[in-house]
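The structure appears right after this line, and notes come after that.
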Amino acid sequence: MFKFLPLLVLGVLASSYALPVAEEKEVVAILKSEVNKNEDGSYQINYEGADGTERKEEASVVDAGTENESLEVKGSYKYINDKGETVEVFYTAGVNGFVPYGTIINPEITSVAEAAKDLPNTQQDDVKS
Ligand SMILES: *[C@@H]1O[C@H](CO)[C@@H](O)[C@H](O)[C@H]1NC(C)=O
């Protein structure tokens, strides 16, 4: 009897894993997909899906060749929400942070993030001293 117990346990486990739980997912066609990476580290990407999703982002090099060389990123993404509305979010990102703005972004978040960009970057200063 005990000899078969492990097999029984395995069988029960296997059958529970084999239950059809996979949900049907719609395959979305990619209408456009472009990636440009440049030697200096700057780049441009964008893609568009047949379901109305879109993403664009571009990064440019700031203070090239100095100790402060960094990327300034500008981008946006767009999708259709459950109500059929188009949602679009824009953002910038650079040495002093990420700033999102758009219809679904609380304007307070945008203004706080915008203000934070002008604060001294204390983390960077700590590393140097
Ligand atoms: C780099 O940034 C620091 C901090 O903002 C500044 O003190 C320094 O002068 C900058 N260096 C150059 C080469 O611009």
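In the structure tokens, the first chain shown is A, the next is B, and so on; residue numbers restart at 1 for each chain, and ligands run from 1 in the order shown.
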
Check: Do you know which residues are at most 10 Å from Ser60 (chain A) counting only C-alpha atoms, after dropping those on the same chain fewer than 3 positions away, and could you put them as a list of chain:residue names?
Finding: A:Asn38, A:Asp40, A:Gly41, A:Ser42, A:Tyr43, A:Gln44, A:Asp63, A:Ala64, A:Ser70, A:Leu71, A:Glu72, A:Val73, A:Lys74, A:Gly94

Checklist line | Neighbourhood of ligand 1 at 7 Å, counting only C-alpha atoms and all ligand atoms, reported as a list of chain:residue names | finding: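 So, counting only C-alpha atoms and all ligand atoms, the residues near ligand 1 are A:Thr66, A:Glu67, A:Asn68.
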
Next item on the list: Name the residues in contact with Ala93 (chain A) at a cut-off of 12 Å, using only C-alpha atoms, excluding same-chain residues fewer than 2 positions from it; report them as a list in words.
Entry: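 Once the nearby chain positions are removed, what remains is Glu57, Glu58, Ala59, Ser60, Ser70, Leu71, Glu72, Val73, Lys74, Gly75, Ser76, Phe90, Tyr91, Val95, Asn96, Gly97, Phe98, Val99, Pro100, Tyr101, Ala113, Glu114, Ala116 and Lys117 of chain A.
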
Region 27-97 of chain A: which residues are strand (DSSP E or B) by DSSP, as an mmCIF file with N, CA, C and O atoms, in the first residue's frame?
data_model
loop_
_atom_site.group_PDB
_atom_site.id
_atom_site.type_symbol
_atom_site.label_atom_id
_atom_site.label_comp_id
_atom_site.auth_asym_id
_atom_site.auth_seq_id
_atom_site.Cartn_x
_atom_site.Cartn_y
_atom_site.Cartn_z
ATOM 1 N N ILE A 30 2.411 43.480 -34.626
ATOM 2 C CA ILE A 30 3.282 44.649 -34.492
ATOM 3 C C ILE A 30 3.294 45.350 -35.845
ATOM 4 O O ILE A 30 3.689 44.770 -36.850
ATOM 5 N N LEU A 31 2.808 46.582 -35.865
ATOM 6 C CA LEU A 31 2.697 47.303 -37.134
ATOM 7 C C LEU A 31 4.005 48.011 -37.485
ATOM 8 O O LEU A 31 4.296 48.240 -38.648
ATOM 9 N N LYS A 32 4.748 48.363 -36.446
ATOM 10 C CA LYS A 32 5.958 49.125 -36.677
ATOM 11 C C LYS A 32 6.903 48.860 -35.513
ATOM 12 O O LYS A 32 6.465 48.776 -34.377
ATOM 13 N N SER A 33 8.146 48.709 -35.800
ATOM 14 C CA SER A 33 9.125 48.498 -34.739
ATOM 15 C C SER A 33 10.476 48.988 -35.230
ATOM 16 O O SER A 33 11.038 48.438 -36.163
ATOM 17 N N GLU A 34 10.943 50.058 -34.627
ATOM 18 C CA GLU A 34 12.217 50.641 -35.052
ATOM 19 C C GLU A 34 13.129 50.865 -33.861
ATOM 20 O O GLU A 34 12.701 51.368 -32.832
ATOM 21 N N VAL A 35 14.343 50.479 -34.002
ATOM 22 C CA VAL A 35 15.348 50.703 -32.960
ATOM 23 C C VAL A 35 16.603 51.252 -33.624
ATOM 24 O O VAL A 35 17.134 50.638 -34.543
ATOM 25 N N ASN A 36 17.026 52.420 -33.208
ATOM 26 C CA ASN A 36 18.295 52.985 -33.685
ATOM 27 C C ASN A 36 19.189 53.214 -32.491
ATOM 28 O O ASN A 36 18.837 53.978 -31.603
ATOM 29 N N LYS A 37 20.309 52.551 -32.477
ATOM 30 C CA LYS A 37 21.284 52.789 -31.405
ATOM 31 C C LYS A 37 22.494 53.431 -32.047
ATOM 32 O O LYS A 37 23.013 52.932 -33.033
ATOM 33 N N TYR A 43 19.894 57.003 -28.594
ATOM 34 C CA TYR A 43 19.070 56.026 -29.319
ATOM 35 C C TYR A 43 17.674 56.574 -29.575
ATOM 36 O O TYR A 43 17.236 57.549 -28.946
ATOM 37 N N GLN A 44 16.994 55.947 -30.506
ATOM 38 C CA GLN A 44 15.583 56.220 -30.764
ATOM 39 C C GLN A 44 14.901 54.868 -30.924
ATOM 40 O O GLN A 44 15.408 54.007 -31.639
ATOM 41 N N ILE A 45 13.788 54.691 -30.249
ATOM 42 C CA ILE A 45 13.015 53.475 -30.446
ATOM 43 C C ILE A 45 11.554 53.859 -30.611
ATOM 44 O O ILE A 45 11.111 54.874 -30.076
ATOM 45 N N ASN A 46 10.858 53.100 -31.375
ATOM 46 C CA ASN A 46 9.406 53.243 -31.364
ATOM 47 C C ASN A 46 8.745 52.006 -31.922
ATOM 48 O O ASN A 46 9.318 51.299 -32.743
ATOM 49 N N TYR A 47 7.586 51.715 -31.383
ATOM 50 C CA TYR A 47 6.815 50.617 -31.940
ATOM 51 C C TYR A 47 5.338 50.913 -31.827
ATOM 52 O O TYR A 47 4.909 51.750 -31.035
ATOM 53 N N GLU A 48 4.587 50.219 -32.653
ATOM 54 C CA GLU A 48 3.142 50.374 -32.694
ATOM 55 C C GLU A 48 2.511 49.009 -32.813
ATOM 56 O O GLU A 48 2.919 48.214 -33.666
ATOM 57 N N GLY A 49 1.520 48.740 -31.977
ATOM 58 C CA GLY A 49 0.794 47.479 -32.060
ATOM 59 C C GLY A 49 -0.569 47.706 -32.686
ATOM 60 O O GLY A 49 -1.108 48.815 -32.619
ATOM 61 N N GLU A 54 1.356 52.093 -28.399
ATOM 62 C CA GLU A 54 2.460 52.765 -29.060
ATOM 63 C C GLU A 54 3.492 53.129 -28.024
ATOM 64 O O GLU A 54 3.144 53.460 -26.897
ATOM 65 N N ARG A 55 4.722 53.073 -28.374
ATOM 66 C CA ARG A 55 5.754 53.550 -27.463
ATOM 67 C C ARG A 55 6.860 54.206 -28.264
ATOM 68 O O ARG A 55 7.267 53.708 -29.300
ATOM 69 N N LYS A 56 7.287 55.352 -27.792
ATOM 70 C CA LYS A 56 8.369 56.084 -28.440
ATOM 71 C C LYS A 56 9.323 56.533 -27.358
ATOM 72 O O LYS A 56 8.897 56.919 -26.277
ATOM 73 N N GLU A 57 10.592 56.489 -27.668
ATOM 74 C CA GLU A 57 11.556 57.006 -26.708
ATOM 75 C C GLU A 57 12.810 57.419 -27.451
ATOM 76 O O GLU A 57 13.230 56.746 -28.384
ATOM 77 N N GLU A 58 13.357 58.542 -27.045
ATOM 78 C CA GLU A 58 14.627 58.944 -27.615
ATOM 79 C C GLU A 58 15.533 59.461 -26.519
ATOM 80 O O GLU A 58 15.089 60.074 -25.561
ATOM 81 N N ALA A 59 16.802 59.162 -26.645
ATOM 82 C CA ALA A 59 17.774 59.581 -25.643
ATOM 83 C C ALA A 59 18.893 60.308 -26.351
ATOM 84 O O ALA A 59 19.368 59.873 -27.399
ATOM 85 N N SER A 60 19.280 61.435 -25.769
ATOM 86 C CA SER A 60 20.422 62.144 -26.325
ATOM 87 C C SER A 60 21.490 62.304 -25.253
ATOM 88 O O SER A 60 21.195 62.316 -24.056
ATOM 89 N N VAL A 61 22.714 62.399 -25.705
ATOM 90 C CA VAL A 61 23.845 62.505 -24.786
ATOM 91 C C VAL A 61 24.013 63.956 -24.363
ATOM 92 O O VAL A 61 23.989 64.861 -25.197
ATOM 93 N N VAL A 62 24.140 64.151 -23.072
ATOM 94 C CA VAL A 62 24.343 65.486 -22.521
ATOM 95 C C VAL A 62 25.738 65.528 -21.901
ATOM 96 O O VAL A 62 26.181 64.540 -21.313
ATOM 97 N N SER A 70 25.823 62.082 -19.616
ATOM 98 C CA SER A 70 24.635 61.311 -19.260
ATOM 99 C C SER A 70 23.643 61.335 -20.412
ATOM 100 O O SER A 70 23.861 62.012 -21.411
ATOM 101 N N LEU A 71 22.561 60.598 -20.234
ATOM 102 C CA LEU A 71 21.516 60.577 -21.248
ATOM 103 C C LEU A 71 20.312 61.368 -20.770
ATOM 104 O O LEU A 71 19.935 61.299 -19.608
ATOM 105 N N GLU A 72 19.730 62.121 -21.673
ATOM 106 C CA GLU A 72 18.452 62.760 -21.412
ATOM 107 C C GLU A 72 17.439 61.998 -22.256
ATOM 108 O O GLU A 72 17.600 61.890 -23.463
ATOM 109 N N VAL A 73 16.432 61.485 -21.583
ATOM 110 C CA VAL A 73 15.465 60.631 -22.258
ATOM 111 C C VAL A 73 14.111 61.327 -22.323
ATOM 112 O O VAL A 73 13.690 61.984 -21.373
ATOM 113 N N LYS A 74 13.466 61.203 -23.480
ATOM 114 C CA LYS A 74 12.121 61.742 -23.676
ATOM 115 C C LYS A 74 11.307 60.632 -24.307
ATOM 116 O O LYS A 74 11.772 59.983 -25.242
ATOM 117 N N GLY A 75 10.113 60.428 -23.795
ATOM 118 C CA GLY A 75 9.339 59.362 -24.401
ATOM 119 C C GLY A 75 7.864 59.461 -24.117
ATOM 120 O O GLY A 75 7.395 60.369 -23.423
ATOM 121 N N SER A 76 7.151 58.520 -24.664
ATOM 122 C CA SER A 76 5.718 58.436 -24.413
ATOM 123 C C SER A 76 5.240 57.017 -24.659
ATOM 124 O O SER A 76 5.904 56.249 -25.355
ATOM 125 N N TYR A 77 4.126 56.689 -24.024
ATOM 126 C CA TYR A 77 3.466 55.428 -24.354
ATOM 127 C C TYR A 77 1.969 55.667 -24.399
ATOM 128 O O TYR A 77 1.463 56.635 -23.820
ATOM 129 N N LYS A 78 1.304 54.809 -25.117
ATOM 130 C CA LYS A 78 -0.109 55.023 -25.406
ATOM 131 C C LYS A 78 -0.790 53.664 -25.466
ATOM 132 O O LYS A 78 -0.229 52.719 -25.990
ATOM 133 N N TYR A 79 -1.977 53.589 -24.908
ATOM 134 C CA TYR A 79 -2.747 52.346 -25.026
ATOM 135 C C TYR A 79 -4.224 52.668 -24.923
ATOM 136 O O TYR A 79 -4.613 53.765 -24.535
ATOM 137 N N ILE A 80 -5.040 51.706 -25.294
ATOM 138 C CA ILE A 80 -6.490 51.858 -25.185
ATOM 139 C C ILE A 80 -6.911 51.142 -23.910
ATOM 140 O O ILE A 80 -6.599 49.965 -23.738
ATOM 141 N N THR A 86 -8.311 56.261 -25.219
ATOM 142 C CA THR A 86 -6.870 56.294 -25.458
ATOM 143 C C THR A 86 -6.170 56.972 -24.290
ATOM 144 O O THR A 86 -6.552 58.068 -23.898
ATOM 145 N N VAL A 87 -5.206 56.298 -23.728
ATOM 146 C CA VAL A 87 -4.441 56.842 -22.617
ATOM 147 C C VAL A 87 -3.023 57.087 -23.123
ATOM 148 O O VAL A 87 -2.419 56.205 -23.722
ATOM 149 N N GLU A 88 -2.534 58.290 -22.921
ATOM 150 C CA GLU A 88 -1.187 58.595 -23.372
ATOM 151 C C GLU A 88 -0.403 59.254 -22.244
ATOM 152 O O GLU A 88 -0.894 60.159 -21.587
ATOM 153 N N VAL A 89 0.769 58.757 -22.014
ATOM 154 C CA VAL A 89 1.633 59.290 -20.962
ATOM 155 C C VAL A 89 2.959 59.710 -21.598
ATOM 156 O O VAL A 89 3.511 58.990 -22.426
ATOM 157 N N PHE A 90 3.414 60.875 -21.218
ATOM 158 C CA PHE A 90 4.704 61.391 -21.698
ATOM 159 C C PHE A 90 5.653 61.425 -20.514
ATOM 160 O O PHE A 90 5.215 61.534 -19.368
ATOM 161 N N TYR A 91 6.917 61.364 -20.778
ATOM 162 C CA TYR A 91 7.870 61.456 -19.665
ATOM 163 C C TYR A 91 9.217 61.958 -20.149
ATOM 164 O O TYR A 91 9.542 61.874 -21.335
ATOM 165 N N THR A 92 9.937 62.500 -19.203
ATOM 166 C CA THR A 92 11.328 62.846 -19.443
ATOM 167 C C THR A 92 12.108 62.174 -18.323
ATOM 168 O O THR A 92 11.578 61.937 -17.235
ATOM 169 N N ALA A 93 13.329 61.821 -18.590
ATOM 170 C CA ALA A 93 14.166 61.207 -17.574
ATOM 171 C C ALA A 93 15.602 61.614 -17.833
ATOM 172 O O ALA A 93 16.059 61.641 -18.966
ATOM 173 N N GLY A 94 16.266 61.986 -16.771
ATOM 174 C CA GLY A 94 17.654 62.407 -16.906
ATOM 175 C C GLY A 94 18.348 62.321 -15.569
ATOM 176 O O GLY A 94 17.853 61.658 -14.656
ATOM 177 N N GLY A 97 16.135 62.832 -12.479
ATOM 178 C CA GLY A 97 14.896 62.123 -12.223
ATOM 179 C C GLY A 97 13.958 61.924 -13.389
ATOM 180 O O GLY A 97 14.237 62.304 -14.521
#

Item checked: Gap from CA of Ala22 (chain A) to CA of Ala50 (chain A) - Å, one decimal ->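 A separation of 22.9 Å between them.
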
Checklist line | Selected residue of minimal separation from Thr53 (chain A) among A:Glu23, A:Asp118, A:Glu39, A:Glu85, counting only C-alpha atoms | finding: A:Glu85

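Pairwise distance (CA of Ala115 (chain A), CA of Gly102 (chain A)) equals 16.8 Å.
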
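CA of Gly84 (chain A) is found 10.1 Å from CA of Gly52 (chain A).
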